[in-house]
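Worksheet: the structure to be examined is printed underneath.
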Amino acid sequence: MNPFETLRFAFGGLAANKVRSALTMLGVLIGVAAVILLLAVGNGSSQAVKDSIEKLGTNSLTISSGAGFGGGRSSSTVKPLTVADAKALADPAQAPSIQAVAPEVTTSQTALYQGTSHTVGQVVGTYPAYFEASNSKVVKGDYFSADDVLNSRKVAVIGATTATDLFGTASPIGRSVVLGGTPFTVVGELAAKGGTGFQDPDDVVVAPLTTVQNAFTGFGSLNQILVEAKSADATTPAQNEITAVLMGQHGLKDPSALDFRVSSQESLLTTQASTNKTFTVLLGAVAAISLLVGGIGITNIMLVTVTERTREIGIRKAIGAPRGVILGQFLAESTLLSLVGGGLGVAVGLIGSHFTIVGIKPVVIPESVVGAFAIAVAIGLFFGSYPANRAASLRPIEALRHE
């Protein structure tokens, strides 16, 4: 029997039990689609975080305070970051590799404008250097100035999301917004950066440090200090200078017992890549279980098919059909089940990747599409081999006697 006749018999066998064949293909479809979509979600999450980190600039450094960053200091001995620390870092004599320093305090407040209320994700009090260090560009209006900081003026630059939620399509420049009970005049609107799915970087209000401290946080410690190195190549020298300056500011002698941490974008990207790899492998393993279940379903269905068609097999063998023909037919049926189910699964996975899932835009990995489809076909061959071999091994006399 030539391959075309084998395929014709295989199609006929599957068509004889349409519902059963459809349900089996559905199992394979779900498995393939799950692999493609879950890996796409993992890749999309990774890409979103990477883009968000890279938007800060490759020469940005973040200094945060806390105990236990490499040396077993208790919280009672940790000195918080202060404006004095930021001023020391801005001294070119102590830190020549640093371009700009922006101390930060952060809080969350509710903004009101003509009856419209919006809870701002992050209110940042800082210096004008923040905009360059964080790669935040104004598309409308202007930035606030050092003089605004010095005089504690109630002015603010707002993010794209905040502007849309409060003002709609109208320009926010020059309008007054009540933020946590304090009126602020909007002097600028930032360009949209795009969200990661977990926190919207465009839902922000940036105001002079002294104004935010006076209105909301008090004149205590800082949440963090954002530093811009003079170039990407200067980030390592800048990190060393930051460590030396802050150790002097905090009276520290042991470099292994610091009460602050300096993070670069490169280290964040490295950590994120490592985390994403683990996350993607986990998602792929979970999705692979669906393919395994689909393969077990193929085995069960084909075993039932062999049992139901025992007399047919006996007749074909009695009139001279060789073992290879019977084996080829049932292998072709199981492979067709996985082939059609896998193809439909690829289509569903690719279509589903065009929609945002749990706040993340999936990014399809081409290798996952090819791999999932190839595995689905291989599953059809592997899991169909036992039922096919069982059918081919039946003795004609016993098969003809089967009821």
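Labels used: A, B, ... for chains in the order of the structure tokens, numbers from 1 for residues in each chain, and numbers from 1 for ligands as shown.
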
Set the distance at 9 Å and use only C-alpha atoms: which residues neighbour A:Phe144 once local chain neighbours fewer than 4 positions away are removed? I'd like the list as a JSON list (two decimals) with N, CA, C and O atoms, in the first residue's frame.
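Once written, around.json looks like this:
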[["chain", "number", "residue", "atom", "x", "y", "z"],
["A", 127, "TYR", "N", 15.21, 67.16, 42.97],
["A", 127, "TYR", "CA", 15.87, 68.29, 42.34],
["A", 127, "TYR", "C", 15.68, 68.23, 40.83],
["A", 127, "TYR", "O", 15.35, 67.17, 40.28],
["A", 128, "PRO", "N", 15.92, 69.35, 40.12],
["A", 128, "PRO", "CA", 15.80, 69.32, 38.65],
["A", 128, "PRO", "C", 16.70, 68.29, 37.98],
["A", 128, "PRO", "O", 16.39, 67.82, 36.88],
["A", 148, "ASP", "N", 12.99, 77.13, 42.20],
["A", 148, "ASP", "CA", 11.71, 76.61, 42.73],
["A", 148, "ASP", "C", 11.96, 75.74, 43.96],
["A", 148, "ASP", "O", 11.19, 75.76, 44.92],
["A", 149, "VAL", "N", 13.04, 74.96, 43.92],
["A", 149, "VAL", "CA", 13.40, 74.12, 45.06],
["A", 149, "VAL", "C", 13.81, 74.99, 46.24],
["A", 149, "VAL", "O", 13.37, 74.79, 47.38],
["A", 155, "VAL", "N", 4.93, 73.94, 42.57],
["A", 155, "VAL", "CA", 4.84, 73.65, 41.14],
["A", 155, "VAL", "C", 5.12, 72.17, 40.93],
["A", 155, "VAL", "O", 5.77, 71.52, 41.76],
["A", 156, "ALA", "N", 4.64, 71.63, 39.82],
["A", 156, "ALA", "CA", 4.80, 70.18, 39.57],
["A", 156, "ALA", "C", 4.86, 69.87, 38.09],
["A", 156, "ALA", "O", 4.28, 70.58, 37.26],
["A", 157, "VAL", "N", 5.57, 68.81, 37.79],
["A", 157, "VAL", "CA", 5.59, 68.21, 36.45],
["A", 157, "VAL", "C", 4.90, 66.86, 36.57],
["A", 157, "VAL", "O", 5.25, 66.07, 37.46],
["A", 187, "VAL", "N", 3.46, 72.80, 35.66],
["A", 187, "VAL", "CA", 4.33, 73.56, 34.76],
["A", 187, "VAL", "C", 4.84, 72.71, 33.59],
["A", 187, "VAL", "O", 5.40, 73.24, 32.63],
["A", 188, "GLY", "N", 4.66, 71.38, 33.68],
["A", 188, "GLY", "CA", 5.14, 70.53, 32.60],
["A", 188, "GLY", "C", 4.49, 69.16, 32.60],
["A", 188, "GLY", "O", 3.95, 68.71, 33.62],
["A", 207, "ALA", "N", 7.75, 67.07, 41.93],
["A", 207, "ALA", "CA", 7.70, 68.42, 42.47],
["A", 207, "ALA", "C", 9.01, 68.71, 43.20],
["A", 207, "ALA", "O", 9.81, 67.80, 43.48],
["A", 208, "PRO", "N", 9.28, 69.98, 43.52],
["A", 208, "PRO", "CA", 10.50, 70.32, 44.26],
["A", 208, "PRO", "C", 10.60, 69.57, 45.59],
["A", 208, "PRO", "O", 9.59, 69.39, 46.27]]

query: DSSP on the backbone: what in stretch 248-317 of chain A comes out alpha helix (DSSP H), as JSON, numbers by chain?
result: {"A": [248, 249, 250, 265, 266, 267, 268, 269, 270, 271, 272, 273, 274, 275, 276, 277, 278, 279, 280, 281, 282, 283, 284, 285, 286, 287, 288, 289, 290, 291, 292, 293, 294, 295, 296, 297, 298, 299, 300, 301, 302, 303, 304, 305, 306, 307, 308, 310, 311, 312, 313, 314, 315, 316, 317]}

field: Those in stretch 102-333 of chain A with strand (DSSP E or B) from DSSP, as a PyMOL selection string
entry: chain A and resi 102-107+110-113+116-119+122-126+138-141+155-158+176-179+182-190+204-208+224-229+260-264

message: Just want the 9 Å neighbourhood of A:Thr185, counted on only C-alpha atoms, with same-chain residues fewer than 3 positions away dropped. Output as a list in words.
response: Lys154, Val155, Ala156, Val157, Ile173, Gly174, Arg175, Ser176, Val177 and Val178 of chain A

I need the residues from that last selection saved to file as a short mmCIF file (atom, residue, chain, number, x, y, z; two decimals), in the first residue's frame (with all heavy atoms), if you can.
data_model
loop_
_atom_site.label_atom_id
_atom_site.label_comp_id
_atom_site.auth_asym_id
_atom_site.auth_seq_id
_atom_site.Cartn_x
_atom_site.Cartn_y
_atom_site.Cartn_z
N LYS A 154 5.15 75.75 44.95
CA LYS A 154 4.19 74.65 44.74
C LYS A 154 3.93 74.48 43.24
O LYS A 154 2.87 74.85 42.72
CB LYS A 154 2.89 74.94 45.49
CG LYS A 154 3.08 75.01 47.01
CD LYS A 154 1.78 75.31 47.71
CE LYS A 154 1.95 75.32 49.23
NZ LYS A 154 2.83 76.40 49.69
N VAL A 155 4.93 73.94 42.57
CA VAL A 155 4.84 73.65 41.14
C VAL A 155 5.12 72.17 40.93
O VAL A 155 5.77 71.52 41.76
CB VAL A 155 5.83 74.51 40.32
CG1 VAL A 155 5.45 75.97 40.36
CG2 VAL A 155 7.26 74.31 40.83
N ALA A 156 4.64 71.63 39.82
CA ALA A 156 4.80 70.18 39.57
C ALA A 156 4.86 69.87 38.09
O ALA A 156 4.28 70.58 37.26
CB ALA A 156 3.64 69.42 40.21
N VAL A 157 5.57 68.81 37.79
CA VAL A 157 5.59 68.21 36.45
C VAL A 157 4.90 66.86 36.57
O VAL A 157 5.25 66.07 37.46
CB VAL A 157 7.03 68.03 35.94
CG1 VAL A 157 7.03 67.36 34.57
CG2 VAL A 157 7.75 69.37 35.88
N ILE A 173 -0.95 72.42 31.37
CA ILE A 173 0.01 73.46 31.70
C ILE A 173 -0.69 74.71 32.24
O ILE A 173 -1.63 75.24 31.63
CB ILE A 173 0.87 73.83 30.47
CG1 ILE A 173 1.48 72.58 29.84
CG2 ILE A 173 1.95 74.83 30.86
CD1 ILE A 173 2.29 71.74 30.80
N GLY A 174 -0.22 75.15 33.40
CA GLY A 174 -0.76 76.36 34.02
C GLY A 174 -1.98 76.12 34.88
O GLY A 174 -2.45 77.04 35.57
N ARG A 175 -2.51 74.91 34.89
CA ARG A 175 -3.69 74.62 35.70
C ARG A 175 -3.29 74.23 37.11
O ARG A 175 -2.20 73.72 37.35
CB ARG A 175 -4.51 73.50 35.05
CG ARG A 175 -5.00 73.85 33.65
CD ARG A 175 -5.75 72.70 33.01
NE ARG A 175 -6.05 72.98 31.61
CZ ARG A 175 -7.18 73.54 31.18
NH1 ARG A 175 -8.11 73.88 32.05
NH2 ARG A 175 -7.38 73.76 29.89
N SER A 176 -4.20 74.46 38.04
CA SER A 176 -3.94 74.18 39.45
C SER A 176 -4.58 72.86 39.87
O SER A 176 -5.76 72.62 39.61
CB SER A 176 -4.47 75.32 40.33
OG SER A 176 -4.20 75.07 41.70
N VAL A 177 -3.79 72.01 40.49
CA VAL A 177 -4.24 70.70 40.97
C VAL A 177 -4.06 70.65 42.48
O VAL A 177 -3.00 71.05 42.99
CB VAL A 177 -3.44 69.56 40.32
CG1 VAL A 177 -3.82 68.22 40.92
CG2 VAL A 177 -3.67 69.53 38.82
N VAL A 178 -5.08 70.17 43.18
CA VAL A 178 -4.97 70.02 44.62
C VAL A 178 -4.44 68.61 44.90
O VAL A 178 -5.10 67.62 44.61
CB VAL A 178 -6.33 70.23 45.32
CG1 VAL A 178 -6.19 70.00 46.83
CG2 VAL A 178 -6.85 71.62 45.04
#

- request: Fewer than 6 positions away in the same chain doesn't count, so skip those; otherwise give me all residues within 6 Å of A:Leu327, counting only C-alpha atoms, as an MDAnalysis selection string.
  value: chainID A and resid 388:389 392

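Among the candidates A:His354, A:Lys230, A:Lys253, A:Arg311, the residue lying nearest to A:Ala100 is A:Lys230 (atoms considered: only C-alpha atoms).
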
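Atom pair atom CA of A:Val370 / atom CA of A:Gly352: separated by 16.5 Å.
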
query: Looking at A:Ile30, A:Ile225, A:Leu350, A:Leu336, which one is nearest to A:Pro362, with distances taken over only C-alpha atoms?
result: A:Leu350

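Distances from A:Gly320, A:Gly251, A:Val32, A:Asn214 to A:Gly345 were compared using only C-alpha atoms, and the smallest one belongs to A:Val32.
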
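If you measure from each of A:Ile298, A:Leu344, A:Leu394, A:Phe279 to A:Pro322 using only C-alpha atoms, the closest one turns out to be A:Leu394.
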
- request: For A:Ser64, work out the shell of residues within 7 Å, counting only C-alpha atoms and skipping chain neighbours fewer than 6 positions away, then give it as a ChimeraX atom specification.
  value: /A:223-225,260-262

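Omitting A:Leu81 and its sequence neighbours fewer than 6 positions away, and counting only C-alpha atoms, the residues within 7 Å are Ser65, Ser221, Leu222 and Gln224 of chain A.
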